[in-house]
Amino acid sequence: MNAIRTENLLKFFFCVDFPANFLYIFMLHFEQRFHFGEYAVEMSTKTRFFKPEEVPQKWFLVDASGKTLGRIASQVARILRGKHKPFFTPNADLGDFVVVVNAEKIRVTGRRTELKEFYHNTLYPGGAVFERFKDLIKTKPEWVFEHAVKGMIPKNRLGRIIIKKLKVYRGTSHPHSAQQPEPLSF
């Protein structure tokens with residue numbers, strides 16, 4: 001619509017008593033633009049696919065102490081993948097960086113502490129290796145958390161890129177203070 005007709009229609013809608021949300025939707029329709037925080041996205045009838053250089057990436061800090069392993073891992077995987085953003089594109093790496101601290105204080109429910117086992121094979125005869133959760137959480141808590149998140153992201157080239165944005169540390173100290181990660185609570 002040209003500017004003259006839009007102005008006339010806006011004058012008409014200001015004269016008639018319409019709800020405020022309808023007027024806001026109407027104005028957005030003619031403005032052809034949606035605002036997501038500090039970003040503006042052009043409205044179109046076509047699906048918009050974003051590139052990684054078009055979307056800024058943030059750093060988040062997650063404290064895992066006392067949290068359940070699977071529940072916090074699924075939230076972290078969602079942030080790594082970028083599904084929390086309105087710009088989500090399935091075939092692009094638009095997620096954010098996540099720093100997880102206190103990985104040794106993660107917990108599991110039920111009797112999983114005694115019963116959960118991790119398996120891998122060295123591919124040599126008799127090379128099957130079974131390790132219990134209660135042993136691994138003492139020796140390699142970072143690996144336990146990364147393994148849980150890795151199971152929740154795509155198993156392809158994109159997944160291998162995404163998992164590199166996960167930084168897991170035991171204890172509260174981490175070397176990423178220069179990135180000023182925002183604390184997240186789940």
# chains A, B, ... in the order shown; residues from 1 in each chain; ligands from 1

call {"tool": "residues_around", "arguments": {"residues": "Leu166 of chain A", "least_positions_apart": "4", "cutoff": "7 Å", "atoms": "only C-alpha atoms", "output": "ChimeraX atom specification"}}
result
/A:97-99

call {"tool": "residues_around", "arguments": {"residues": "segment 154-164 of chain A", "least_positions_apart": "5", "cutoff": "12 Å", "atoms": "only C-alpha atoms", "output": "PDB file with all heavy atoms, in the first residue's frame"}}
result
ATOM      1  N   PRO A  52      25.127 -17.900  10.034  1.00  0.00           N
ATOM      2  CA  PRO A  52      25.756 -17.684  11.342  1.00  0.00           C
ATOM      3  C   PRO A  52      26.320 -16.272  11.533  1.00  0.00           C
ATOM      4  O   PRO A  52      26.300 -15.744  12.644  1.00  0.00           O
ATOM      5  CB  PRO A  52      26.876 -18.719  11.376  1.00  0.00           C
ATOM      6  CG  PRO A  52      26.425 -19.791  10.470  1.00  0.00           C
ATOM      7  CD  PRO A  52      25.634 -19.107   9.388  1.00  0.00           C
ATOM      8  N   VAL A  76      20.728 -27.170  28.167  1.00  0.00           N
ATOM      9  CA  VAL A  76      21.997 -26.711  27.596  1.00  0.00           C
ATOM     10  C   VAL A  76      22.054 -27.052  26.103  1.00  0.00           C
ATOM     11  O   VAL A  76      22.498 -26.244  25.283  1.00  0.00           O
ATOM     12  CB  VAL A  76      23.186 -27.320  28.361  1.00  0.00           C
ATOM     13  CG1 VAL A  76      24.490 -27.121  27.616  1.00  0.00           C
ATOM     14  CG2 VAL A  76      23.279 -26.708  29.754  1.00  0.00           C
ATOM     15  N   ALA A  77      21.589 -28.252  25.725  1.00  0.00           N
ATOM     16  CA  ALA A  77      21.575 -28.644  24.309  1.00  0.00           C
ATOM     17  C   ALA A  77      20.675 -27.721  23.497  1.00  0.00           C
ATOM     18  O   ALA A  77      20.990 -27.380  22.350  1.00  0.00           O
ATOM     19  CB  ALA A  77      21.115 -30.091  24.176  1.00  0.00           C
ATOM     20  N   ARG A  78      19.573 -27.290  24.077  1.00  0.00           N
ATOM     21  CA  ARG A  78      18.659 -26.369  23.401  1.00  0.00           C
ATOM     22  C   ARG A  78      19.344 -25.026  23.129  1.00  0.00           C
ATOM     23  O   ARG A  78      19.188 -24.447  22.053  1.00  0.00           O
ATOM     24  CB  ARG A  78      17.434 -26.178  24.286  1.00  0.00           C
ATOM     25  CG  ARG A  78      16.363 -25.318  23.726  1.00  0.00           C
ATOM     26  CD  ARG A  78      15.144 -25.345  24.655  1.00  0.00           C
ATOM     27  NE  ARG A  78      14.240 -24.308  24.285  1.00  0.00           N
ATOM     28  CZ  ARG A  78      14.239 -23.079  24.801  1.00  0.00           C
ATOM     29  NH1 ARG A  78      15.098 -22.756  25.733  1.00  0.00           N
ATOM     30  NH2 ARG A  78      13.376 -22.183  24.393  1.00  0.00           N
ATOM     31  N   ILE A  79      20.101 -24.534  24.094  1.00  0.00           N
ATOM     32  CA  ILE A  79      20.805 -23.258  23.913  1.00  0.00           C
ATOM     33  C   ILE A  79      21.939 -23.409  22.903  1.00  0.00           C
ATOM     34  O   ILE A  79      22.149 -22.539  22.058  1.00  0.00           O
ATOM     35  CB  ILE A  79      21.324 -22.747  25.269  1.00  0.00           C
ATOM     36  CG1 ILE A  79      20.141 -22.358  26.142  1.00  0.00           C
ATOM     37  CG2 ILE A  79      22.262 -21.569  25.090  1.00  0.00           C
ATOM     38  CD1 ILE A  79      20.494 -22.084  27.559  1.00  0.00           C
ATOM     39  N   LEU A  80      22.682 -24.516  22.981  1.00  0.00           N
ATOM     40  CA  LEU A  80      23.770 -24.757  22.028  1.00  0.00           C
ATOM     41  C   LEU A  80      23.240 -24.826  20.596  1.00  0.00           C
ATOM     42  O   LEU A  80      23.878 -24.356  19.659  1.00  0.00           O
ATOM     43  CB  LEU A  80      24.487 -26.060  22.363  1.00  0.00           C
ATOM     44  CG  LEU A  80      25.382 -26.064  23.591  1.00  0.00           C
ATOM     45  CD1 LEU A  80      25.835 -27.473  23.889  1.00  0.00           C
ATOM     46  CD2 LEU A  80      26.568 -25.150  23.404  1.00  0.00           C
ATOM     47  N   ARG A  81      22.083 -25.423  20.435  1.00  0.00           N
ATOM     48  CA  ARG A  81      21.485 -25.609  19.107  1.00  0.00           C
ATOM     49  C   ARG A  81      20.913 -24.305  18.562  1.00  0.00           C
ATOM     50  O   ARG A  81      20.808 -24.118  17.362  1.00  0.00           O
ATOM     51  CB  ARG A  81      20.396 -26.661  19.239  1.00  0.00           C
ATOM     52  CG  ARG A  81      19.788 -27.127  17.978  1.00  0.00           C
ATOM     53  CD  ARG A  81      20.545 -28.288  17.402  1.00  0.00           C
ATOM     54  NE  ARG A  81      19.752 -28.919  16.385  1.00  0.00           N
ATOM     55  CZ  ARG A  81      19.737 -28.511  15.120  1.00  0.00           C
ATOM     56  NH1 ARG A  81      20.475 -27.498  14.741  1.00  0.00           N
ATOM     57  NH2 ARG A  81      18.990 -29.120  14.237  1.00  0.00           N
ATOM     58  N   GLY A  82      20.499 -23.388  19.469  1.00  0.00           N
ATOM     59  CA  GLY A  82      19.930 -22.115  19.041  1.00  0.00           C
ATOM     60  C   GLY A  82      18.423 -22.119  18.970  1.00  0.00           C
ATOM     61  O   GLY A  82      17.823 -21.209  18.402  1.00  0.00           O
ATOM     62  N   THR A  89      17.532 -21.725  12.626  1.00  0.00           N
ATOM     63  CA  THR A  89      17.630 -22.338  11.309  1.00  0.00           C
ATOM     64  C   THR A  89      18.202 -23.732  11.509  1.00  0.00           C
ATOM     65  O   THR A  89      19.275 -23.877  12.101  1.00  0.00           O
ATOM     66  CB  THR A  89      18.546 -21.509  10.389  1.00  0.00           C
ATOM     67  OG1 THR A  89      18.013 -20.181  10.305  1.00  0.00           O
ATOM     68  CG2 THR A  89      18.620 -22.098   9.009  1.00  0.00           C
ATOM     69  N   PRO A  90      17.513 -24.786  11.066  1.00  0.00           N
ATOM     70  CA  PRO A  90      17.936 -26.151  11.397  1.00  0.00           C
ATOM     71  C   PRO A  90      19.305 -26.549  10.868  1.00  0.00           C
ATOM     72  O   PRO A  90      19.983 -27.366  11.472  1.00  0.00           O
ATOM     73  CB  PRO A  90      16.858 -27.040  10.779  1.00  0.00           C
ATOM     74  CG  PRO A  90      15.822 -26.154  10.245  1.00  0.00           C
ATOM     75  CD  PRO A  90      16.289 -24.748  10.299  1.00  0.00           C
ATOM     76  N   ASN A  91      19.729 -25.970   9.747  1.00  0.00           N
ATOM     77  CA  ASN A  91      20.982 -26.416   9.139  1.00  0.00           C
ATOM     78  C   ASN A  91      22.120 -25.427   9.334  1.00  0.00           C
ATOM     79  O   ASN A  91      23.097 -25.471   8.611  1.00  0.00           O
ATOM     80  CB  ASN A  91      20.779 -26.674   7.640  1.00  0.00           C
ATOM     81  CG  ASN A  91      20.330 -25.425   6.913  1.00  0.00           C
ATOM     82  OD1 ASN A  91      19.828 -24.502   7.515  1.00  0.00           O
ATOM     83  ND2 ASN A  91      20.530 -25.409   5.608  1.00  0.00           N
ATOM     84  N   ALA A  92      22.003 -24.525  10.307  1.00  0.00           N
ATOM     85  CA  ALA A  92      23.059 -23.545  10.562  1.00  0.00           C
ATOM     86  C   ALA A  92      23.364 -23.509  12.056  1.00  0.00           C
ATOM     87  O   ALA A  92      22.506 -23.766  12.884  1.00  0.00           O
ATOM     88  CB  ALA A  92      22.637 -22.171  10.078  1.00  0.00           C
ATOM     89  N   ASP A  93      24.588 -23.160  12.366  1.00  0.00           N
ATOM     90  CA  ASP A  93      25.032 -23.071  13.751  1.00  0.00           C
ATOM     91  C   ASP A  93      24.751 -21.665  14.279  1.00  0.00           C
ATOM     92  O   ASP A  93      25.564 -20.770  14.135  1.00  0.00           O
ATOM     93  CB  ASP A  93      26.525 -23.399  13.834  1.00  0.00           C
ATOM     94  CG  ASP A  93      27.060 -23.248  15.235  1.00  0.00           C
ATOM     95  OD1 ASP A  93      26.271 -23.371  16.179  1.00  0.00           O
ATOM     96  OD2 ASP A  93      28.262 -23.004  15.384  1.00  0.00           O
ATOM     97  N   LEU A  94      23.561 -21.476  14.871  1.00  0.00           N
ATOM     98  CA  LEU A  94      23.155 -20.170  15.379  1.00  0.00           C
ATOM     99  C   LEU A  94      23.069 -20.156  16.897  1.00  0.00           C
ATOM    100  O   LEU A  94      22.561 -19.202  17.477  1.00  0.00           O
ATOM    101  CB  LEU A  94      21.801 -19.763  14.790  1.00  0.00           C
ATOM    102  CG  LEU A  94      21.728 -19.721  13.266  1.00  0.00           C
ATOM    103  CD1 LEU A  94      20.345 -19.319  12.818  1.00  0.00           C
ATOM    104  CD2 LEU A  94      22.755 -18.783  12.702  1.00  0.00           C
ATOM    105  N   GLY A  95      23.543 -21.216  17.545  1.00  0.00           N
ATOM    106  CA  GLY A  95      23.447 -21.310  18.997  1.00  0.00           C
ATOM    107  C   GLY A  95      24.470 -20.458  19.711  1.00  0.00           C
ATOM    108  O   GLY A  95      25.330 -19.820  19.103  1.00  0.00           O
ATOM    109  N   ASP A  96      24.367 -20.458  21.031  1.00  0.00           N
ATOM    110  CA  ASP A  96      25.250 -19.672  21.870  1.00  0.00           C
ATOM    111  C   ASP A  96      26.247 -20.568  22.586  1.00  0.00           C
ATOM    112  O   ASP A  96      26.083 -21.784  22.648  1.00  0.00           O
ATOM    113  CB  ASP A  96      24.421 -18.899  22.902  1.00  0.00           C
ATOM    114  CG  ASP A  96      23.519 -17.874  22.250  1.00  0.00           C
ATOM    115  OD1 ASP A  96      23.961 -17.239  21.286  1.00  0.00           O
ATOM    116  OD2 ASP A  96      22.372 -17.713  22.709  1.00  0.00           O
ATOM    117  N   PHE A  97      27.276 -19.948  23.150  1.00  0.00           N
ATOM    118  CA  PHE A  97      28.272 -20.662  23.932  1.00  0.00           C
ATOM    119  C   PHE A  97      27.735 -20.874  25.344  1.00  0.00           C
ATOM    120  O   PHE A  97      27.057 -19.994  25.894  1.00  0.00           O
ATOM    121  CB  PHE A  97      29.575 -19.863  24.000  1.00  0.00           C
ATOM    122  CG  PHE A  97      30.327 -19.824  22.707  1.00  0.00           C
ATOM    123  CD1 PHE A  97      30.024 -18.899  21.726  1.00  0.00           C
ATOM    124  CD2 PHE A  97      31.352 -20.727  22.471  1.00  0.00           C
ATOM    125  CE1 PHE A  97      30.713 -18.859  20.536  1.00  0.00           C
ATOM    126  CE2 PHE A  97      32.059 -20.698  21.283  1.00  0.00           C
ATOM    127  CZ  PHE A  97      31.733 -19.767  20.314  1.00  0.00           C
ATOM    128  N   VAL A  98      28.046 -22.029  25.935  1.00  0.00           N
ATOM    129  CA  VAL A  98      27.601 -22.330  27.291  1.00  0.00           C
ATOM    130  C   VAL A  98      28.792 -22.800  28.108  1.00  0.00           C
ATOM    131  O   VAL A  98      29.515 -23.713  27.702  1.00  0.00           O
ATOM    132  CB  VAL A  98      26.497 -23.412  27.301  1.00  0.00           C
ATOM    133  CG1 VAL A  98      26.080 -23.737  28.723  1.00  0.00           C
ATOM    134  CG2 VAL A  98      25.308 -22.970  26.492  1.00  0.00           C
ATOM    135  N   VAL A  99      28.992 -22.166  29.265  1.00  0.00           N
ATOM    136  CA  VAL A  99      30.025 -22.559  30.213  1.00  0.00           C
ATOM    137  C   VAL A  99      29.315 -23.176  31.407  1.00  0.00           C
ATOM    138  O   VAL A  99      28.472 -22.532  32.036  1.00  0.00           O
ATOM    139  CB  VAL A  99      30.860 -21.341  30.664  1.00  0.00           C
ATOM    140  CG1 VAL A  99      31.905 -21.765  31.675  1.00  0.00           C
ATOM    141  CG2 VAL A  99      31.502 -20.674  29.472  1.00  0.00           C
ATOM    142  N   PHE A 145      29.019 -35.005  31.767  1.00  0.00           N
ATOM    143  CA  PHE A 145      28.086 -33.970  31.310  1.00  0.00           C
ATOM    144  C   PHE A 145      28.155 -33.808  29.791  1.00  0.00           C
ATOM    145  O   PHE A 145      27.123 -33.704  29.132  1.00  0.00           O
ATOM    146  CB  PHE A 145      28.382 -32.642  32.003  1.00  0.00           C
ATOM    147  CG  PHE A 145      27.282 -31.643  31.844  1.00  0.00           C
ATOM    148  CD1 PHE A 145      26.217 -31.634  32.707  1.00  0.00           C
ATOM    149  CD2 PHE A 145      27.297 -30.726  30.808  1.00  0.00           C
ATOM    150  CE1 PHE A 145      25.181 -30.728  32.565  1.00  0.00           C
ATOM    151  CE2 PHE A 145      26.281 -29.816  30.643  1.00  0.00           C
ATOM    152  CZ  PHE A 145      25.225 -29.819  31.524  1.00  0.00           C
ATOM    153  N   GLU A 146      29.355 -33.782  29.225  1.00  0.00           N
ATOM    154  CA  GLU A 146      29.493 -33.651  27.769  1.00  0.00           C
ATOM    155  C   GLU A 146      28.851 -34.825  27.044  1.00  0.00           C
ATOM    156  O   GLU A 146      28.239 -34.649  25.989  1.00  0.00           O
ATOM    157  CB  GLU A 146      30.968 -33.543  27.392  1.00  0.00           C
ATOM    158  CG  GLU A 146      31.594 -32.221  27.743  1.00  0.00           C
ATOM    159  CD  GLU A 146      33.091 -32.202  27.526  1.00  0.00           C
ATOM    160  OE1 GLU A 146      33.624 -33.177  26.950  1.00  0.00           O
ATOM    161  OE2 GLU A 146      33.729 -31.217  27.929  1.00  0.00           O
ATOM    162  N   HIS A 147      28.976 -36.011  27.606  1.00  0.00           N
ATOM    163  CA  HIS A 147      28.379 -37.207  26.999  1.00  0.00           C
ATOM    164  C   HIS A 147      26.858 -37.093  26.978  1.00  0.00           C
ATOM    165  O   HIS A 147      26.216 -37.485  25.994  1.00  0.00           O
ATOM    166  CB  HIS A 147      28.824 -38.448  27.775  1.00  0.00           C
ATOM    167  CG  HIS A 147      28.293 -39.728  27.230  1.00  0.00           C
ATOM    168  ND1 HIS A 147      28.796 -40.311  26.088  1.00  0.00           N
ATOM    169  CD2 HIS A 147      27.298 -40.539  27.656  1.00  0.00           C
ATOM    170  CE1 HIS A 147      28.138 -41.432  25.835  1.00  0.00           C
ATOM    171  NE2 HIS A 147      27.220 -41.588  26.776  1.00  0.00           N
ATOM    172  N   ALA A 148      26.274 -36.564  28.052  1.00  0.00           N
ATOM    173  CA  ALA A 148      24.818 -36.403  28.107  1.00  0.00           C
ATOM    174  C   ALA A 148      24.340 -35.389  27.074  1.00  0.00           C
ATOM    175  O   ALA A 148      23.332 -35.614  26.390  1.00  0.00           O
ATOM    176  CB  ALA A 148      24.400 -35.968  29.508  1.00  0.00           C
ATOM    177  N   VAL A 149      25.058 -34.272  26.935  1.00  0.00           N
ATOM    178  CA  VAL A 149      24.652 -33.242  25.974  1.00  0.00           C
ATOM    179  C   VAL A 149      24.894 -33.717  24.547  1.00  0.00           C
ATOM    180  O   VAL A 149      24.087 -33.460  23.650  1.00  0.00           O
ATOM    181  CB  VAL A 149      25.402 -31.919  26.250  1.00  0.00           C
ATOM    182  CG1 VAL A 149      25.121 -30.894  25.170  1.00  0.00           C
ATOM    183  CG2 VAL A 149      25.011 -31.364  27.602  1.00  0.00           C
TER     184      VAL A 149
END

call {"tool": "select_by_dssp", "arguments": {"residues": "segment 61-147 of chain A", "states": "strand (DSSP E)", "output": "MDAnalysis selection string"}}
result
chainID A and resid 61:63 97:101 117:121 128:132

call {"tool": "residues_around", "arguments": {"residues": "segment 121-136 of chain A", "least_positions_apart": "2", "cutoff": "12 Å", "atoms": "only C-alpha atoms", "output": "list in words"}}
result
Leu69, Ala103, Glu104, Lys105, Ile106, Arg107, Val108, Arg111, Arg112, Thr113, Glu114, Leu115, Lys116, Glu117, Phe118, Tyr119, Lys138, Thr139, Lys140, Pro141, Glu142, Trp143, Val144, Phe145, His147 and Ala148 of chain A

call {"tool": "atom_distance", "arguments": {"atom1": "atom CA of Gly70 of chain A", "atom2": "atom CA of Ala178 of chain A"}}
result
28.9 Å

call {"tool": "residues_around", "arguments": {"residues": "Val101 of chain A", "least_positions_apart": "6", "cutoff": "7 Å", "atoms": "only C-alpha atoms", "output": "NGL selection string"}}
result
:A and (62-64 or 168-172)

call {"tool": "atom_distance", "arguments": {"atom1": "atom CA of Ser173 of chain A", "atom2": "atom CA of Val100 of chain A"}}
result
10.0 Å

call {"tool": "atom_distance", "arguments": {"atom1": "atom CA of Lys51 of chain A", "atom2": "atom CA of Gly151 of chain A"}}
result
24.8 Å

call {"tool": "closest_residue", "arguments": {"among": "A:Arg71, A:Thr109, A:Lys167, A:Phe87", "to": "Pro56 of chain A", "atoms": "only C-alpha atoms"}}
result
A:Phe87

call {"tool": "closest_residue", "arguments": {"among": "A:Asn102, A:Met152, A:Glu53, A:Gly110", "to": "Lys67 of chain A", "atoms": "only C-alpha atoms"}}
result
A:Asn102

call {"tool": "select_by_dssp", "arguments": {"residues": "segment 19-168 of chain A", "states": "alpha helix (DSSP H)", "output": "number ranges by chain"}}
result
A: 20-31, 69-81, 112-115, 133-139, 141-150, 157-162
